[in-house]
>>> print(open('entry.tsv').read())   # TSV, C-alpha atoms and all ligand atoms
chain	number	residue	atom	x	y	z
A	1	MET	CA	-19.15	7.25	-10.44
A	2	THR	CA	-16.71	9.01	-8.18
A	3	VAL	CA	-15.08	6.79	-5.61
A	4	PRO	CA	-13.82	8.77	-2.63
A	5	ILE	CA	-10.46	7.70	-1.33
A	6	ARG	CA	-11.96	7.06	2.10
A	7	ALA	CA	-14.33	4.51	0.57
A	8	LEU	CA	-11.58	2.80	-1.40
A	9	SER	CA	-9.11	2.49	1.39
A	10	ALA	CA	-11.26	2.50	4.52
A	11	PHE	CA	-8.31	3.97	6.35
A	12	GLY	CA	-8.75	5.95	9.53
A	13	PHE	CA	-6.50	8.88	10.26
A	14	SER	CA	-5.81	11.22	13.11
A	15	MET	CA	-3.03	13.76	13.47
A	16	ARG	CA	-2.54	14.93	17.03
A	17	ALA	CA	0.69	16.54	18.12
A	18	ASN	CA	0.30	15.42	21.70
A	19	GLY	CA	2.32	12.21	21.71
A	20	ARG	CA	6.01	11.64	22.22
A	21	LEU	CA	7.58	11.59	18.79
A	22	PRO	CA	10.88	10.60	17.32
A	23	ALA	CA	12.66	13.65	15.84
A	24	ARG	CA	11.59	12.86	12.30
A	25	GLY	CA	7.95	12.54	13.37
A	26	ARG	CA	8.00	15.98	15.00
A	27	GLU	CA	9.52	17.39	11.83
A	28	ILE	CA	6.70	15.92	9.73
A	29	ILE	CA	4.00	17.50	11.89
A	30	SER	CA	5.70	20.90	12.00
A	31	ASN	CA	5.95	20.75	8.20
A	32	MET	CA	2.15	20.63	7.91
A	33	ALA	CA	2.38	16.86	7.57
A	34	GLU	CA	2.93	16.64	3.81
A	35	LEU	CA	4.52	13.29	2.97
A	36	ARG	CA	7.26	13.98	0.44
A	37	PHE	CA	7.99	11.51	-2.34
A	38	PRO	CA	11.19	9.56	-1.77
A	39	ALA	CA	14.05	11.20	-3.66
A	40	PRO	CA	15.68	9.59	-5.47
A	41	PRO	CA	12.81	7.18	-6.16
A	42	LEU	CA	12.91	3.87	-4.33
A	43	ALA	CA	14.19	1.22	-6.71
A	44	ASP	CA	16.06	-2.05	-6.98
A	45	ASP	CA	16.66	-4.53	-9.79
A	46	VAL	CA	13.00	-5.67	-9.83
A	47	VAL	CA	10.83	-2.59	-9.32
A	48	LEU	CA	10.84	1.20	-9.18
A	49	LEU	CA	8.30	3.21	-7.16
A	50	ARG	CA	7.32	6.58	-8.59
A	51	PRO	CA	4.40	9.05	-8.32
A	52	TRP	CA	1.24	8.25	-10.27
A	53	ARG	CA	0.74	10.00	-13.61
A	54	GLU	CA	-2.46	10.68	-15.50
A	55	ALA	CA	-1.06	8.57	-18.33
A	56	ASP	CA	-1.19	5.55	-15.98
A	57	ALA	CA	-5.00	5.68	-15.88
A	58	PRO	CA	-5.79	3.20	-18.71
A	59	ALA	CA	-3.48	0.44	-17.39
A	60	THR	CA	-4.57	1.07	-13.81
A	61	PHE	CA	-8.25	1.00	-14.66
A	62	LEU	CA	-7.70	-2.32	-16.45
A	63	ALA	CA	-5.90	-3.75	-13.42
A	64	PHE	CA	-8.68	-2.59	-11.09
A	65	SER	CA	-11.14	-4.66	-13.10
A	66	ASP	CA	-9.21	-7.88	-12.36
A	67	PRO	CA	-11.42	-10.07	-10.14
A	68	VAL	CA	-8.58	-10.87	-7.73
A	69	VAL	CA	-7.83	-7.18	-7.19
A	70	GLN	CA	-11.56	-6.54	-6.79
A	71	ARG	CA	-11.87	-9.35	-4.28
A	72	PHE	CA	-8.95	-8.48	-2.07
A	73	SER	CA	-8.04	-4.85	-2.45
A	74	TRP	CA	-11.17	-2.82	-2.19
A	75	PRO	CA	-13.98	-2.92	0.31
A	76	GLN	CA	-16.06	-0.77	-2.07
A	77	PRO	CA	-16.62	-0.70	-5.83
A	78	THR	CA	-13.53	0.23	-7.83
A	79	PRO	CA	-13.37	3.17	-10.26
A	80	ASP	CA	-15.60	2.34	-13.23
A	81	SER	CA	-13.89	4.42	-15.91
A	82	GLU	CA	-10.52	5.87	-16.82
A	83	GLU	CA	-11.85	9.26	-15.80
A	84	ASP	CA	-12.73	7.87	-12.36
A	85	THR	CA	-9.22	6.49	-12.15
A	86	ARG	CA	-7.75	9.95	-12.81
A	87	GLN	CA	-10.01	11.32	-10.07
A	88	TYR	CA	-8.72	8.54	-7.82
A	89	PHE	CA	-5.13	9.67	-8.52
A	90	ALA	CA	-6.13	13.23	-7.57
A	91	GLU	CA	-7.55	11.97	-4.28
A	92	LEU	CA	-4.38	10.03	-3.56
A	93	GLU	CA	-2.39	13.23	-4.10
A	94	ALA	CA	-4.70	15.15	-1.77
A	95	ALA	CA	-4.14	12.51	0.91
A	96	ARG	CA	-0.37	12.81	0.44
A	97	LEU	CA	-0.51	16.57	0.93
A	98	LEU	CA	-2.42	16.00	4.16
A	99	GLY	CA	0.25	13.56	5.33
A	100	GLU	CA	-2.24	10.70	5.43
A	101	GLU	CA	-0.92	8.48	2.67
A	102	LEU	CA	1.89	8.02	0.19
A	103	ASN	CA	0.75	6.18	-2.93
A	104	LEU	CA	3.21	5.10	-5.60
A	105	ALA	CA	3.07	3.38	-8.96
A	106	LEU	CA	5.17	0.22	-9.27
A	107	VAL	CA	6.94	0.14	-12.62
A	108	PRO	CA	9.87	-1.79	-14.12
A	109	PRO	CA	13.39	-0.63	-13.16
A	110	GLY	CA	14.34	2.52	-15.04
A	111	ASP	CA	10.65	3.36	-15.50
A	112	THR	CA	10.87	1.58	-18.82
A	113	GLY	CA	7.42	0.02	-19.09
A	114	PRO	CA	3.78	0.13	-18.11
A	115	VAL	CA	2.53	0.15	-14.54
A	116	LEU	CA	2.90	-3.21	-12.75
A	117	GLY	CA	0.81	-2.26	-9.72
A	118	GLY	CA	0.55	0.09	-6.78
A	119	GLY	CA	2.12	0.36	-3.36
A	120	SER	CA	1.16	2.63	-0.51
A	121	LEU	CA	1.80	3.79	2.98
A	122	TYR	CA	-1.53	4.65	4.54
A	123	ASP	CA	-2.98	5.43	7.94
A	124	VAL	CA	0.26	7.28	8.65
A	125	ARG	CA	0.28	8.27	12.32
A	126	PRO	CA	3.60	9.96	13.16
A	127	GLU	CA	2.41	10.78	16.65
A	128	GLN	CA	2.14	7.04	17.30
A	129	GLY	CA	5.12	6.09	15.15
A	130	CYS	CA	2.91	3.82	13.01
A	131	ALA	CA	1.76	3.39	9.43
A	132	SER	CA	0.27	0.64	7.28
A	133	VAL	CA	1.50	-0.72	3.97
A	134	GLY	CA	-0.67	-1.87	1.05
A	135	TYR	CA	-0.12	-3.14	-2.51
A	136	TRP	CA	-1.69	-4.71	-5.57
A	137	LEU	CA	-0.32	-6.02	-8.87
A	138	SER	CA	-1.85	-6.39	-12.30
A	139	PRO	CA	-2.24	-10.08	-13.20
A	140	GLY	CA	0.72	-10.13	-15.61
A	141	ALA	CA	3.08	-8.72	-12.97
A	142	ARG	CA	2.50	-11.42	-10.35
A	143	GLY	CA	4.67	-14.37	-9.48
A	144	ARG	CA	8.08	-12.67	-9.78
A	145	GLY	CA	8.51	-10.94	-6.45
A	146	VAL	CA	7.43	-7.43	-7.43
A	147	ALA	CA	5.23	-6.93	-4.37
A	148	THR	CA	7.86	-8.34	-2.02
A	149	HIS	CA	10.55	-6.04	-3.40
A	150	ALA	CA	8.23	-3.01	-3.26
A	151	VAL	CA	7.26	-3.69	0.36
A	152	ARG	CA	10.91	-4.10	1.34
A	153	LEU	CA	11.83	-0.77	-0.28
A	154	LEU	CA	8.88	1.02	1.30
A	155	ALA	CA	9.52	-0.49	4.73
A	156	ARG	CA	13.22	0.38	4.72
A	157	TRP	CA	12.42	3.98	3.72
A	158	THR	CA	9.64	4.27	6.31
A	159	PHE	CA	11.89	3.29	9.18
A	160	ALA	CA	14.92	5.26	7.96
A	161	GLU	CA	13.30	8.44	6.66
A	162	LEU	CA	10.06	8.79	8.61
A	163	GLY	CA	11.50	7.38	11.82
A	164	LEU	CA	8.42	5.25	12.43
A	165	ALA	CA	8.56	2.37	14.89
A	166	ARG	CA	5.91	0.00	13.53
A	167	LEU	CA	4.55	-0.92	10.12
A	168	GLU	CA	1.27	-2.81	9.83
A	169	LEU	CA	0.02	-4.99	7.00
A	170	THR	CA	-3.58	-6.15	6.94
A	171	CYS	CA	-5.11	-8.58	4.46
A	172	SER	CA	-8.04	-10.92	4.14
A	173	THR	CA	-7.66	-14.20	5.98
A	174	ASP	CA	-7.98	-16.07	2.66
A	175	ASN	CA	-5.45	-13.93	0.77
A	176	GLU	CA	-2.60	-16.45	0.77
A	177	ALA	CA	-0.44	-14.63	-1.79
A	178	SER	CA	-0.52	-11.42	0.24
A	179	GLN	CA	0.31	-13.24	3.46
A	180	ARG	CA	3.27	-14.86	1.71
A	181	VAL	CA	4.52	-11.39	0.78
A	182	ALA	CA	4.18	-10.31	4.42
A	183	ARG	CA	6.07	-13.31	5.78
A	184	ARG	CA	8.82	-13.10	3.15
A	185	CYS	CA	9.49	-9.51	4.22
A	186	GLY	CA	9.71	-10.52	7.88
A	187	PHE	CA	6.31	-9.35	9.15
A	188	ALA	CA	5.01	-11.18	12.23
A	189	ARG	CA	1.42	-12.40	12.31
A	190	GLU	CA	-0.41	-10.86	15.26
A	191	GLY	CA	-3.96	-12.09	14.95
A	192	VAL	CA	-7.34	-11.85	13.29
A	193	LEU	CA	-9.44	-8.71	13.14
A	194	ARG	CA	-12.96	-10.07	13.02
A	195	SER	CA	-15.46	-8.47	10.63
A	196	HIS	CA	-12.78	-5.91	9.83
A	197	VAL	CA	-14.04	-4.26	6.62
A	198	PRO	CA	-17.09	-4.43	4.36
A	199	GLY	CA	-16.39	-6.57	1.28
A	200	GLN	CA	-18.33	-7.08	-1.90
A	201	ASP	CA	-19.88	-10.25	-0.47
A	202	GLY	CA	-20.26	-9.20	3.15
A	203	ARG	CA	-17.92	-8.19	5.95
A	204	ARG	CA	-14.49	-9.80	5.93
A	205	ASP	CA	-12.11	-10.98	8.60
A	206	ALA	CA	-8.54	-9.75	8.23
A	207	VAL	CA	-5.15	-10.92	9.43
A	208	VAL	CA	-2.92	-8.23	10.88
A	209	TYR	CA	0.86	-8.45	10.57
A	210	SER	CA	3.48	-6.04	11.89
A	211	LEU	CA	7.09	-5.25	11.19
A	212	LEU	CA	9.44	-3.46	13.58
A	213	PRO	CA	12.79	-1.85	12.69
A	214	GLY	CA	15.46	-4.56	12.44
A	215	GLU	CA	13.00	-7.29	11.44
A	216	LEU	CA	12.93	-6.57	7.70
A	217	ARG	CA	14.17	-9.47	5.58
A	301	LIG	C1	-0.92	-10.12	-3.27
A	301	LIG	C2	-0.12	-9.91	-4.56
A	301	LIG	C3	0.34	-8.47	-4.64
A	301	LIG	C4	1.11	-10.85	-4.49
A	301	LIG	O1	1.70	-10.83	-5.75
A	301	LIG	P1	3.15	-11.47	-6.05
A	301	LIG	O2	4.22	-10.68	-5.43
A	301	LIG	O3	3.27	-11.66	-7.51
A	301	LIG	O4	3.08	-12.78	-5.30
A	301	LIG	P2	3.19	-14.24	-5.96
A	301	LIG	O5	2.19	-14.38	-7.05
A	301	LIG	O6	4.62	-14.44	-6.29
A	301	LIG	O7	2.79	-15.10	-4.76
A	301	LIG	C5	3.45	-14.95	-3.53
A	301	LIG	C6	3.44	-16.29	-2.85
A	301	LIG	O8	2.08	-16.67	-2.62
A	301	LIG	C7	1.83	-17.90	-3.25
A	301	LIG	N1	0.47	-17.81	-3.81
A	301	LIG	C8	0.09	-17.07	-4.86
A	301	LIG	N2	-1.22	-17.25	-5.08
A	301	LIG	C9	-1.65	-18.13	-4.14
A	301	LIG	C10	-2.91	-18.71	-3.82
A	301	LIG	N3	-4.02	-18.41	-4.52
A	301	LIG	N4	-2.96	-19.59	-2.78
A	301	LIG	C11	-1.85	-19.88	-2.06
A	301	LIG	N5	-0.64	-19.34	-2.30
A	301	LIG	C12	-0.55	-18.48	-3.33
A	301	LIG	C13	2.89	-18.03	-4.33
A	301	LIG	O9	3.15	-19.39	-4.62
A	301	LIG	C14	4.08	-17.38	-3.69
A	301	LIG	O10	4.68	-18.27	-2.77
A	301	LIG	P3	6.27	-18.28	-2.47
A	301	LIG	O11	6.51	-17.10	-1.55
A	301	LIG	O12	6.50	-19.57	-1.78
A	301	LIG	O13	6.97	-18.14	-3.77
A	301	LIG	C15	-0.96	-10.24	-5.82
A	301	LIG	O14	-1.41	-11.56	-5.72
A	301	LIG	C16	-2.15	-9.30	-6.00
A	301	LIG	O15	-2.02	-8.23	-6.55
A	301	LIG	N6	-3.34	-9.74	-5.55
A	301	LIG	C17	-4.55	-8.90	-5.69
A	301	LIG	C18	-4.54	-7.68	-4.80
A	301	LIG	C19	-4.18	-8.01	-3.39
A	301	LIG	O16	-4.49	-9.07	-2.89
A	301	LIG	N7	-3.50	-7.07	-2.74
A	301	LIG	C20	-3.11	-7.22	-1.37
A	301	LIG	C21	-4.21	-6.79	-0.47
A	301	LIG	S1	-3.74	-7.08	1.23
>>> encode(input="entry.tsv", output="structure tokens")
Amino acid sequence: MTVPIRALSAFGFSMRANGRLPARGREIISNMAELRFPAPPLADDVVLLRPWREADAPATFLAFSDPVVQRFSWPQPTPDSEEDTRQYFAELEAARLLGEELNLALVPPGDTGPVLGGGSLYDVRPEQGCASVGYWLSPGARGRGVATHAVRLLARWTFAELGLARLELTCSTDNEASQRVARRCGFAREGVLRSHVPGQDGRRDAVVYSLLPGELR
């Protein structure tokens, strides 16, 4: 089964060059909107964020089959084979080239071990100065701050390098671990989006958080 990126992420996107943009945002649009990978890669003493590789497919497919990832990350069925997972990576790359998303593998510092999870900027709207951040971890990588560190690195880079003015984080109302990550990074809770996305057991409400430059903790 092929899972289109639109179905996995349920992200909307529009790229209109008619808004007032910060200088970096104008530069992105005039450059055909490709989102370049951070160079050097974003990293600290807990996690490194790098492009996905085909060799990551087995570990990623395994992580996608975790019930907690299935419950909270995807509104639609996840890839059901390693081959599907490679196709998924190809779709993520296509979205990057369109300037819609930047998806990165989370690995140990120094890229010394298997994939811990994924982190992304999605729904990137330079004309509005906004983007959203998303993440997931394999079960064995949880409970040691990997997601928090990855979000901090991504957020800092987004404000500094893309010149965006607002970062959004949306998660299910019952996803306590994810909301803890949001609050630890300094995101402010804004409210509930009712019946926000289709889930595997019906439509789900979501909590929306936002982070503005200067609020990152
Ligand atoms: C969300 C996720 C990335 C967080 O992983 P993590 O960084 O390892 O987070 P932790 O396991 O350390 O938990 C973070 C906090 O939530 C708390 N927490 C974890 N599971 C919890 C639960 N089921 N109920 C309540 N609190 C919980 C932890 O105690 C911790 O609290 P602290 O900040 O006081 O230390 C991880 O749980 C995950 O991958 N979940 C599945 C996919 C997903 O939900 N992605 C996000 C979609 S919005």
>>> residues_around(input="entry.tsv", residues="Cys185 of chain A", least_positions_apart="2", cutoff="9 Å", atoms="all atoms listed in the file", output="PDB file with C-alpha atoms, keeping the file's coordinate frame")
ATOM      1  CA  THR A 148       7.860  -8.340  -2.020  1.00  0.00           C
ATOM      2  CA  HIS A 149      10.550  -6.040  -3.400  1.00  0.00           C
ATOM      3  CA  VAL A 151       7.260  -3.690   0.360  1.00  0.00           C
ATOM      4  CA  ARG A 152      10.910  -4.100   1.340  1.00  0.00           C
ATOM      5  CA  ARG A 180       3.270 -14.860   1.710  1.00  0.00           C
ATOM      6  CA  VAL A 181       4.520 -11.390   0.780  1.00  0.00           C
ATOM      7  CA  ALA A 182       4.180 -10.310   4.420  1.00  0.00           C
ATOM      8  CA  ARG A 183       6.070 -13.310   5.780  1.00  0.00           C
ATOM      9  CA  PHE A 187       6.310  -9.350   9.150  1.00  0.00           C
ATOM     10  CA  LEU A 211       7.090  -5.250  11.190  1.00  0.00           C
ATOM     11  CA  GLU A 215      13.000  -7.290  11.440  1.00  0.00           C
ATOM     12  CA  LEU A 216      12.930  -6.570   7.700  1.00  0.00           C
ATOM     13  CA  ARG A 217      14.170  -9.470   5.580  1.00  0.00           C
TER      14      ARG A 217
END
>>> axis_aligned_box(input="entry.tsv", around="ligand LIG 301 (chain A)", padding_each_side="8 Å", output="AutoDock Vina command-line options")
--center_x 1.2 --center_y -13.3 --center_z -3.1 --size_x 27.5 --size_y 29.1 --size_z 24.7
>>> atom_distance(input="entry.tsv", atom1="atom CA of Asp45 of chain A", atom2="atom CA of Ser210 of chain A")
25.4 Å
>>> residues_near_ligand(input="entry.tsv", ligand="ligand LIG 301 (chain A)", cutoff="9 Å", atoms="all atoms listed in the file", output="PyMOL selection string")
chain A and resi 66-74+117-118+133-150+169-172+174-181+183-184+206
>>> residues_around(input="entry.tsv", residues="segment 48-62 of chain A", least_positions_apart="5", cutoff="8 Å", atoms="only C-alpha atoms", output="list in words")
Phe37, Pro41, Leu42, Ala43, Pro79, Asp80, Ser81, Glu82, Glu83, Thr85, Arg86, Phe89, Asn103, Leu104, Ala105, Leu106, Val107, Pro108, Pro109, Gly110, Asp111, Pro114, Val115, Gly117, Gly119 and Ala150 of chain A
>>> closest_residue(input="entry.tsv", among="A:Ser120, A:Thr173, A:Ser195, A:Gln128", to="Leu153 of chain A", atoms="all atoms listed in the file")
A:Ser120
>>> atom_distance(input="entry.tsv", atom1="atom CA of Asp205 of chain A", atom2="atom CA of Gln87 of chain A")
29.2 Å
>>> atom_distance(input="entry.tsv", atom1="atom CA of Gln200 of chain A", atom2="atom CA of Glu101 of chain A")
23.8 Å
>>> closest_residue(input="entry.tsv", among="A:Leu212, A:Val47, A:Val207, A:Val197", to="Ala160 of chain A", atoms="all atoms listed in the file")
A:Leu212
>>> closest_residue(input="entry.tsv", among="A:Arg156, A:Leu97, A:His196, A:Leu92", to="Arg36 of chain A", atoms="only C-alpha atoms")
A:Leu97
>>> residues_near_point(input="entry.tsv", point="(0.2, 3.4, 15.5)", cutoff="9 Å", atoms="only C-alpha atoms", output="list of chain:residue names")
A:Asp123, A:Val124, A:Arg125, A:Pro126, A:Glu127, A:Gln128, A:Gly129, A:Cys130, A:Ala131, A:Ser132, A:Leu164, A:Ala165, A:Arg166, A:Leu167, A:Glu168
>>> residues_near_point(input="entry.tsv", point="(-4.8, -13.6, 15.7)", cutoff="10 Å", atoms="all atoms listed in the file", output="list in words")
Arg189, Glu190, Gly191, Val192, Leu193, Arg194, Ala206, Val207, Val208 and Tyr209 of chain A
>>> decode(input="entry.tsv", residues="segment 139-158 of chain A", atoms="N, CA and C atoms", output="mmCIF file, in the first residue's frame")
data_model
loop_
_atom_site.group_PDB
_atom_site.id
_atom_site.type_symbol
_atom_site.label_atom_id
_atom_site.label_comp_id
_atom_site.auth_asym_id
_atom_site.auth_seq_id
_atom_site.Cartn_x
_atom_site.Cartn_y
_atom_site.Cartn_z
ATOM 1 N N PRO A 139 9.777 3.552 20.734
ATOM 2 C CA PRO A 139 9.547 3.351 22.174
ATOM 3 C C PRO A 139 10.821 3.397 23.010
ATOM 4 N N GLY A 140 11.905 2.800 22.529
ATOM 5 C CA GLY A 140 13.140 2.745 23.316
ATOM 6 C C GLY A 140 13.843 4.085 23.460
ATOM 7 N N ALA A 141 13.433 5.076 22.689
ATOM 8 C CA ALA A 141 14.105 6.388 22.724
ATOM 9 C C ALA A 141 13.369 7.387 23.606
ATOM 10 N N ARG A 142 12.243 6.976 24.183
ATOM 11 C CA ARG A 142 11.445 7.933 24.967
ATOM 12 C C ARG A 142 11.986 8.084 26.383
ATOM 13 N N GLY A 143 11.537 9.135 27.034
ATOM 14 C CA GLY A 143 11.822 9.297 28.455
ATOM 15 C C GLY A 143 13.198 9.856 28.761
ATOM 16 N N ARG A 144 13.922 10.366 27.757
ATOM 17 C CA ARG A 144 15.222 10.986 28.042
ATOM 18 C C ARG A 144 15.399 12.304 27.311
ATOM 19 N N GLY A 145 14.303 12.939 26.965
ATOM 20 C CA GLY A 145 14.384 14.315 26.470
ATOM 21 C C GLY A 145 14.720 14.471 24.997
ATOM 22 N N VAL A 146 14.722 13.371 24.240
ATOM 23 C CA VAL A 146 15.120 13.475 22.832
ATOM 24 C C VAL A 146 14.181 14.405 22.061
ATOM 25 N N ALA A 147 12.881 14.249 22.253
ATOM 26 C CA ALA A 147 11.931 15.082 21.505
ATOM 27 C C ALA A 147 12.074 16.554 21.914
ATOM 28 N N THR A 148 12.229 16.794 23.189
ATOM 29 C CA THR A 148 12.379 18.177 23.665
ATOM 30 C C THR A 148 13.617 18.832 23.048
ATOM 31 N N HIS A 149 14.724 18.111 23.049
ATOM 32 C CA HIS A 149 15.953 18.676 22.471
ATOM 33 C C HIS A 149 15.797 18.904 20.971
ATOM 34 N N ALA A 150 15.140 17.962 20.282
ATOM 35 C CA ALA A 150 14.971 18.111 18.831
ATOM 36 C C ALA A 150 14.085 19.314 18.509
ATOM 37 N N VAL A 151 13.017 19.490 19.269
ATOM 38 C CA VAL A 151 12.119 20.629 19.015
ATOM 39 C C VAL A 151 12.854 21.943 19.288
ATOM 40 N N ARG A 152 13.639 21.975 20.351
ATOM 41 C CA ARG A 152 14.399 23.208 20.635
ATOM 42 C C ARG A 152 15.337 23.542 19.476
ATOM 43 N N LEU A 153 16.047 22.536 18.980
ATOM 44 C CA LEU A 153 16.998 22.779 17.874
ATOM 45 C C LEU A 153 16.254 23.248 16.623
ATOM 46 N N LEU A 154 15.157 22.578 16.320
ATOM 47 C CA LEU A 154 14.384 22.953 15.124
ATOM 48 C C LEU A 154 13.804 24.360 15.263
ATOM 49 N N ALA A 155 13.297 24.662 16.445
ATOM 50 C CA ALA A 155 12.656 25.970 16.659
ATOM 51 C C ALA A 155 13.689 27.088 16.538
ATOM 52 N N ARG A 156 14.837 26.889 17.164
ATOM 53 C CA ARG A 156 15.881 27.924 17.114
ATOM 54 C C ARG A 156 16.289 28.182 15.661
ATOM 55 N N TRP A 157 16.468 27.107 14.900
ATOM 56 C CA TRP A 157 16.877 27.224 13.492
ATOM 57 C C TRP A 157 15.774 27.893 12.669
ATOM 58 N N THR A 158 14.534 27.549 12.942
ATOM 59 C CA THR A 158 13.413 28.112 12.188
ATOM 60 C C THR A 158 13.338 29.626 12.345
#
